[in-house]
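Shown next: entry.pdb, containing PDB, C-alpha atoms and all ligand atoms.
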```pdb
ATOM      1  CA  MET A   1      -9.373  -9.707 -15.423
ATOM      2  CA  LYS A   2      -6.538  -7.575 -14.036
ATOM      3  CA  LYS A   3      -4.122  -9.086 -11.555
ATOM      4  CA  ILE A   4      -2.796  -7.312  -8.492
ATOM      5  CA  ALA A   5      -0.001  -8.156  -6.082
ATOM      6  CA  VAL A   6      -0.229  -6.959  -2.481
ATOM      7  CA  PHE A   7       3.025  -6.374  -0.573
ATOM      8  CA  CYS A   8       2.871  -6.565   3.240
ATOM      9  CA  SER A   9       5.294  -6.765   6.144
ATOM     10  CA  GLY A  10       2.993  -7.220   9.105
ATOM     11  CA  TYR A  11      -0.508  -7.650  10.396
ATOM     12  CA  GLY A  12      -2.251  -7.280   7.056
ATOM     13  CA  SER A  13      -5.538  -5.663   8.076
ATOM     14  CA  ASN A  14      -5.499  -3.667   4.828
ATOM     15  CA  LEU A  15      -4.822  -6.868   2.913
ATOM     16  CA  GLN A  16      -7.881  -8.349   4.618
ATOM     17  CA  ALA A  17      -9.997  -5.357   3.575
ATOM     18  CA  ILE A  18      -8.787  -5.870   0.000
ATOM     19  CA  ILE A  19      -9.508  -9.619   0.098
ATOM     20  CA  ASN A  20     -13.018  -8.870   1.403
ATOM     21  CA  ALA A  21     -13.621  -6.221  -1.271
ATOM     22  CA  VAL A  22     -12.585  -8.687  -3.993
ATOM     23  CA  LYS A  23     -14.930 -11.316  -2.539
ATOM     24  CA  ARG A  24     -17.816  -8.830  -2.469
ATOM     25  CA  GLY A  25     -17.134  -7.742  -6.030
ATOM     26  CA  ARG A  26     -16.162  -4.196  -5.027
ATOM     27  CA  ILE A  27     -12.723  -4.735  -6.521
ATOM     28  CA  ASN A  28     -12.809  -6.384  -9.906
ATOM     29  CA  ALA A  29      -9.443  -8.140  -9.908
ATOM     30  CA  GLU A  30      -7.633 -11.263  -8.959
ATOM     31  CA  ILE A  31      -5.080 -11.066  -6.163
ATOM     32  CA  GLY A  32      -2.344 -12.981  -7.964
ATOM     33  CA  LEU A  33       0.250 -12.711  -5.223
ATOM     34  CA  VAL A  34       0.835 -11.615  -1.651
ATOM     35  CA  LEU A  35       4.506 -10.871  -1.146
ATOM     36  CA  SER A  36       6.185 -10.290   2.196
ATOM     37  CA  ASP A  37       9.712  -9.454   3.260
ATOM     38  CA  ARG A  38       8.962 -11.058   6.640
ATOM     39  CA  VAL A  39       8.407 -14.758   6.935
ATOM     40  CA  ASP A  40       6.357 -14.317  10.125
ATOM     41  CA  ALA A  41       3.986 -11.646   8.757
ATOM     42  CA  PHE A  42       0.398 -12.417   9.746
ATOM     43  CA  ALA A  43      -0.560 -11.107   6.300
ATOM     44  CA  LEU A  44       0.839 -14.365   4.862
ATOM     45  CA  VAL A  45      -1.532 -16.354   7.070
ATOM     46  CA  ARG A  46      -4.467 -14.259   5.821
ATOM     47  CA  ALA A  47      -3.401 -14.822   2.215
ATOM     48  CA  ARG A  48      -3.020 -18.599   2.633
ATOM     49  CA  ARG A  49      -6.437 -18.787   4.292
ATOM     50  CA  ALA A  50      -7.909 -17.023   1.264
ATOM     51  CA  GLY A  51      -6.111 -19.369  -1.136
ATOM     52  CA  ILE A  52      -3.882 -16.646  -2.569
ATOM     53  CA  PRO A  53      -0.339 -17.522  -3.751
ATOM     54  CA  VAL A  54       2.272 -16.174  -1.328
ATOM     55  CA  LEU A  55       5.926 -15.369  -1.660
ATOM     56  CA  PHE A  56       8.476 -14.611   1.014
ATOM     57  CA  ALA A  57      11.131 -12.361  -0.529
ATOM     58  CA  ASP A  58      14.037 -12.777   1.863
ATOM     59  CA  PRO A  59      15.970  -9.525   2.341
ATOM     60  CA  VAL A  60      18.828 -11.456   4.007
ATOM     61  CA  ALA A  61      19.327 -13.566   0.894
ATOM     62  CA  LEU A  62      18.959 -10.424  -1.257
ATOM     63  CA  PRO A  63      20.680  -7.684   0.782
ATOM     64  CA  ASP A  64      21.246  -5.395  -2.196
ATOM     65  CA  ARG A  65      18.162  -3.215  -2.794
ATOM     66  CA  GLU A  66      18.583  -3.316  -6.560
ATOM     67  CA  GLU A  67      18.950  -7.122  -6.565
ATOM     68  CA  PHE A  68      15.876  -7.404  -4.368
ATOM     69  CA  ALA A  69      13.944  -5.238  -6.833
ATOM     70  CA  ARG A  70      15.106  -7.297  -9.820
ATOM     71  CA  TYR A  71      14.040 -10.515  -8.115
ATOM     72  CA  VAL A  72      10.631  -9.056  -7.228
ATOM     73  CA  CYS A  73      10.204  -7.732 -10.754
ATOM     74  CA  ARG A  74      10.909 -11.169 -12.252
ATOM     75  CA  GLN A  75       8.289 -12.663  -9.949
ATOM     76  CA  LEU A  76       5.707 -10.046 -10.923
ATOM     77  CA  THR A  77       6.364 -10.496 -14.619
ATOM     78  CA  ALA A  78       6.209 -14.294 -14.400
ATOM     79  CA  ARG A  79       2.832 -14.048 -12.671
ATOM     80  CA  LYS A  80       1.529 -11.409 -15.115
ATOM     81  CA  ILE A  81       0.835  -8.869 -12.381
ATOM     82  CA  ASP A  82      -0.655  -5.569 -13.633
ATOM     83  CA  PHE A  83      -0.615  -3.479 -10.440
ATOM     84  CA  VAL A  84       1.215  -3.515  -7.103
ATOM     85  CA  VAL A  85      -0.545  -2.468  -3.915
ATOM     86  CA  LEU A  86       1.659  -1.727  -0.904
ATOM     87  CA  ALA A  87      -0.168  -2.404   2.348
ATOM     88  CA  GLY A  88       2.142  -1.944   5.304
ATOM     89  CA  PHE A  89       5.239  -2.910   3.313
ATOM     90  CA  MET A  90       8.148  -1.558   5.341
ATOM     91  CA  ARG A  91      10.847  -1.688   2.671
ATOM     92  CA  ILE A  92      11.780   1.064   0.222
ATOM     93  CA  LEU A  93      11.558  -0.163  -3.358
ATOM     94  CA  ALA A  94      14.527   0.454  -5.635
ATOM     95  CA  PRO A  95      14.019   2.772  -8.629
ATOM     96  CA  TYR A  96      14.428  -0.271 -10.916
ATOM     97  CA  LEU A  97      11.023  -1.605  -9.878
ATOM     98  CA  ILE A  98       9.346   1.798  -9.731
ATOM     99  CA  ARG A  99      10.460   2.584 -13.300
ATOM    100  CA  ARG A 100       9.138  -0.722 -14.608
ATOM    101  CA  PHE A 101       5.812  -0.265 -12.835
ATOM    102  CA  ARG A 102       5.526   3.510 -13.287
ATOM    103  CA  ASN A 103       2.103   4.674 -12.005
ATOM    104  CA  ARG A 104       1.176   1.073 -11.340
ATOM    105  CA  ILE A 105       2.325   0.923  -7.702
ATOM    106  CA  ILE A 106       0.265   2.541  -4.956
ATOM    107  CA  ASN A 107       0.709   2.920  -1.220
ATOM    108  CA  ILE A 108      -1.384   3.848   1.785
ATOM    109  CA  HIS A 109       0.065   6.067   4.484
ATOM    110  CA  PRO A 110      -1.469   6.819   7.893
ATOM    111  CA  SER A 111      -1.237  10.620   7.807
ATOM    112  CA  LEU A 112      -2.255  13.532   5.636
ATOM    113  CA  LEU A 113       0.818  13.698   3.407
ATOM    114  CA  PRO A 114       3.096  15.565   3.046
ATOM    115  CA  CYS A 115       2.911  15.732   6.867
ATOM    116  CA  PHE A 116       4.422  12.982   8.972
ATOM    117  CA  LYS A 117       6.162  10.880   6.344
ATOM    118  CA  GLY A 118       7.989   7.715   7.379
ATOM    119  CA  ALA A 119       7.260   4.790   9.642
ATOM    120  CA  HIS A 120       5.560   6.612  12.545
ATOM    121  CA  GLY A 121       2.892   8.787  10.948
ATOM    122  CA  ILE A 122       0.279   8.170  13.646
ATOM    123  CA  ARG A 123       2.591   8.672  16.626
ATOM    124  CA  GLU A 124       4.138  11.814  15.166
ATOM    125  CA  ALA A 125       0.795  13.435  14.363
ATOM    126  CA  LEU A 126      -0.278  12.817  17.942
ATOM    127  CA  SER A 127       2.907  14.104  19.543
ATOM    128  CA  HIS A 128       2.971  17.162  17.270
ATOM    129  CA  GLY A 129      -0.422  18.139  18.609
ATOM    130  CA  VAL A 130      -2.257  18.477  15.297
ATOM    131  CA  LYS A 131      -6.056  18.518  15.624
ATOM    132  CA  VAL A 132      -6.772  16.772  12.337
ATOM    133  CA  THR A 133      -4.954  13.862  10.741
ATOM    134  CA  GLY A 134      -5.900  11.126   8.310
ATOM    135  CA  VAL A 135      -4.941   8.748   5.569
ATOM    136  CA  THR A 136      -3.364   9.207   2.137
ATOM    137  CA  VAL A 137      -3.392   6.874  -0.854
ATOM    138  CA  HIS A 138      -0.724   7.797  -3.378
ATOM    139  CA  PHE A 139       1.271   6.568  -6.343
ATOM    140  CA  VAL A 140       4.761   5.414  -5.469
ATOM    141  CA  ASP A 141       7.678   7.277  -6.977
ATOM    142  CA  GLU A 142      11.405   7.223  -6.266
ATOM    143  CA  ILE A 143      11.060   9.291  -3.076
ATOM    144  CA  CYS A 144       9.516   7.774   0.049
ATOM    145  CA  ASP A 145       5.872   8.841   0.716
ATOM    146  CA  ASN A 146       6.100  11.463  -2.013
ATOM    147  CA  GLY A 147       4.206  10.337  -5.127
ATOM    148  CA  PRO A 148       1.055  11.952  -6.586
ATOM    149  CA  ILE A 149      -1.924  11.771  -4.220
ATOM    150  CA  ILE A 150      -4.942   9.715  -5.274
ATOM    151  CA  SER A 151      -7.184  10.210  -2.243
ATOM    152  CA  GLN A 152      -7.172  11.419   1.331
ATOM    153  CA  GLY A 153      -9.501  11.059   4.270
ATOM    154  CA  SER A 154      -9.342  13.083   7.455
ATOM    155  CA  LEU A 155     -10.356  12.579  11.045
ATOM    156  CA  LYS A 156     -10.265  14.671  14.193
ATOM    157  CA  ILE A 157      -7.841  13.882  16.985
ATOM    158  CA  LYS A 158      -9.587  13.754  20.352
ATOM    159  CA  GLU A 159      -8.030  15.256  23.454
ATOM    160  CA  ASP A 160      -7.862  11.895  25.172
ATOM    161  CA  ASP A 161      -6.549   9.970  22.148
ATOM    162  CA  CYS A 162      -3.572   7.675  22.622
ATOM    163  CA  GLU A 163      -1.657   6.004  19.819
ATOM    164  CA  GLN A 164      -3.853   2.878  19.969
ATOM    165  CA  SER A 165      -7.189   4.669  19.945
ATOM    166  CA  LEU A 166      -6.117   6.911  17.080
ATOM    167  CA  ALA A 167      -4.633   3.967  15.144
ATOM    168  CA  LYS A 168      -7.963   2.156  15.447
ATOM    169  CA  ARG A 169      -9.852   4.995  13.738
ATOM    170  CA  ILE A 170      -7.082   5.479  11.167
ATOM    171  CA  HIS A 171      -7.253   1.803  10.205
ATOM    172  CA  LYS A 172     -11.027   1.907   9.903
ATOM    173  CA  LEU A 173     -10.675   4.805   7.492
ATOM    174  CA  GLU A 174      -7.903   2.998   5.579
ATOM    175  CA  HIS A 175     -10.063  -0.087   5.119
ATOM    176  CA  ARG A 176     -12.716   2.029   3.383
ATOM    177  CA  LEU A 177     -10.414   4.324   1.392
ATOM    178  CA  TYR A 178      -7.947   1.771   0.019
ATOM    179  CA  PRO A 179     -10.402  -0.572  -1.725
ATOM    180  CA  GLU A 180     -12.092   2.494  -3.290
ATOM    181  CA  ALA A 181      -8.777   3.772  -4.657
ATOM    182  CA  ILE A 182      -7.719   0.321  -5.875
ATOM    183  CA  SER A 183     -10.979   0.034  -7.735
ATOM    184  CA  LEU A 184     -10.383   3.374  -9.516
ATOM    185  CA  LEU A 185      -6.873   2.242 -10.407
ATOM    186  CA  LEU A 186      -8.117  -1.027 -11.862
ATOM    187  CA  GLU A 187     -10.795   0.735 -13.874
ATOM    188  CA  GLU A 188      -7.944   2.900 -15.266
ATOM    189  CA  ARG A 189      -9.793   6.033 -14.189
ATOM    190  CA  LEU A 190      -6.733   7.679 -12.618
ATOM    191  CA  ARG A 191      -4.789  10.079 -14.804
ATOM    192  CA  VAL A 192      -1.483  11.427 -13.491
ATOM    193  CA  LYS A 193      -0.347  14.851 -14.672
ATOM    194  CA  GLY A 194       2.704  16.099 -12.797
ATOM    195  CA  ARG A 195       1.822  16.008  -9.125
ATOM    196  CA  LYS A 196      -1.901  15.876  -9.772
ATOM    197  CA  VAL A 197      -4.134  12.862 -10.131
ATOM    198  CA  TYR A 198      -7.383  13.381 -12.046
ATOM    199  CA  ILE A 199     -10.261  10.959 -11.635
ATOM    200  CA  ASP A 200     -12.126  10.274 -14.861
ATOM    201  CA  GLY A 201     -15.860   9.732 -14.971
TER     202      GLY A 201
HETATM  203  C1  LIG A 301      -1.200   0.948   7.807
HETATM  204  O1  LIG A 301      -1.477   1.892   8.815
HETATM  205  C2  LIG A 301      -0.680   1.631   6.572
HETATM  206  O2  LIG A 301      -1.167   2.932   6.421
HETATM  207  C3  LIG A 301       0.800   1.671   6.815
HETATM  208  O3  LIG A 301       1.088   0.462   7.481
HETATM  209  C4  LIG A 301      -0.057   0.038   8.203
HETATM  210  C5  LIG A 301      -0.307  -1.397   7.835
HETATM  211  O4  LIG A 301      -1.300  -2.000   8.614
HETATM  212  N1  LIG A 301       1.519   1.850   5.580
HETATM  213  P1  LIG A 301      -1.840  -3.432   8.224
HETATM  214  O5  LIG A 301      -0.642  -4.384   8.157
HETATM  215  O6  LIG A 301      -2.546  -3.341   6.904
HETATM  216  O7  LIG A 301      -2.781  -3.817   9.338
END
```

As structure tokens - that is how I would like this structure written.
Amino acid sequence: MKKIAVFCSGYGSNLQAIINAVKRGRINAEIGLVLSDRVDAFALVRARRAGIPVLFADPVALPDREEFARYVCRQLTARKIDFVVLAGFMRILAPYLIRRFRNRIINIHPSLLPCFKGAHGIREALSHGVKVTGVTVHFVDEICDNGPIISQGSLKIKEDDCEQSLAKRIHKLEHRLYPEAISLLLEERLRVKGRKVYIDG
């Protein structure tokens, strides 16, 4: 069975959706590691509750991005991790790690990329006044929120939406979309050609 590592910095609702999907057999993998760059991330509590090995990768002890990446890579290799799933991980990964896990790291972003990249995708979509926004699952490359797109889901912004109400619907969509994409990745049905991702079968 394939092994995945999930990287989180915060609340971990996507991690929870992944844990649930594994339990229900919708994702055929073992979560071999939950890694966080924040010792107080609630995601770590969720992982411990589920009996998943956790690791706090301390960015203060490893201030150099490259060193951080080398440390993380050693951990992944030692635990025989096949794929890395970023779920609210707020740190940019150094090219060292991306090269070693080329097309084996994915991320979820709360906007329809390439719009509203960065840490405030929901807020920026709302303040820009777009009528439709959504969620993007993509491969991670050397540029932030840029890699080839695996899947997207859209939703309408309501006139009376605030950041919280919109975030609630975005997260609901994420919790459906991410396990589906992870499953395709694990089944090795995703083929990357340039910027395009083809789904086999
Ligand atoms: C999600 O909205 C995800 O798209 C973004 O960070 C958020 C993480 O939420 N990358 P959670 O920690 O999974 O609840």

Quiz item: Evaluating the PyMOL selection byres (((not hetatm)) within 6 of (chain A and resi 301)) on the displayed file yields which residues, as a VMD selection string?
Solution: chain A and resid 10 to 15 87 to 88 108 to 110 171

Restricted to C-alpha atoms, what would the selected residues look like written as a PDB file, keeping the file's coordinate frame?
```pdb
ATOM      1  CA  GLY A  10       2.993  -7.220   9.105  1.00  0.00           C
ATOM      2  CA  TYR A  11      -0.508  -7.650  10.396  1.00  0.00           C
ATOM      3  CA  GLY A  12      -2.251  -7.280   7.056  1.00  0.00           C
ATOM      4  CA  SER A  13      -5.538  -5.663   8.076  1.00  0.00           C
ATOM      5  CA  ASN A  14      -5.499  -3.667   4.828  1.00  0.00           C
ATOM      6  CA  LEU A  15      -4.822  -6.868   2.913  1.00  0.00           C
ATOM      7  CA  ALA A  87      -0.168  -2.404   2.348  1.00  0.00           C
ATOM      8  CA  GLY A  88       2.142  -1.944   5.304  1.00  0.00           C
ATOM      9  CA  ILE A 108      -1.384   3.848   1.785  1.00  0.00           C
ATOM     10  CA  HIS A 109       0.065   6.067   4.484  1.00  0.00           C
ATOM     11  CA  PRO A 110      -1.469   6.819   7.893  1.00  0.00           C
ATOM     12  CA  HIS A 171      -7.253   1.803  10.205  1.00  0.00           C
TER      13      HIS A 171
END
```

Practice problem: List, as a VMD selection string, every residue that the PyMOL selection byres (((chain A and resi 91) around 9) and not hetatm) selects in the file provided. | Solution: chain A and resid 9 37 89 to 90 92 to 93

Quiz prompt | Resolved residues for the PyMOL selection byres (((chain A and resi 182) around 10) and not hetatm) as an MDAnalysis selection string | solution = chainID A and resid 4 18 21 26:29 83:85 106:107 137 150 177:181 183:188

Practice problem: Calculate how many Å separate CA of Ile149 in chain A from CA of Ala69 in chain A, rounding to one decimal. | Solution: 23.4 Å

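The nearest approach to Phe68 in chain A among the residues A:Gly153, A:Gly147, A:Pro95, A:Pro53, with only C-alpha atoms taken into account, belongs to A:Pro95.
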
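Minimum distance to Ala94 in chain A across A:Arg49, A:Arg38, A:Arg70, A:Arg24 (counting all atoms listed in the file) occurs at A:Arg70.
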
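Near Cys73 in chain A, within 12 Å and counting only C-alpha atoms, sit Ala5, Leu35, Ala57, Glu66, Glu67, Phe68, Ala69, Thr77, Ala78, Arg79, Lys80, Ile81, Asp82, Phe83, Val84, Leu93, Ala94, Pro95, Tyr96, Leu97, Ile98, Arg99, Arg100 and Phe101 of chain A; same-chain residues fewer than 4 positions away were not included.
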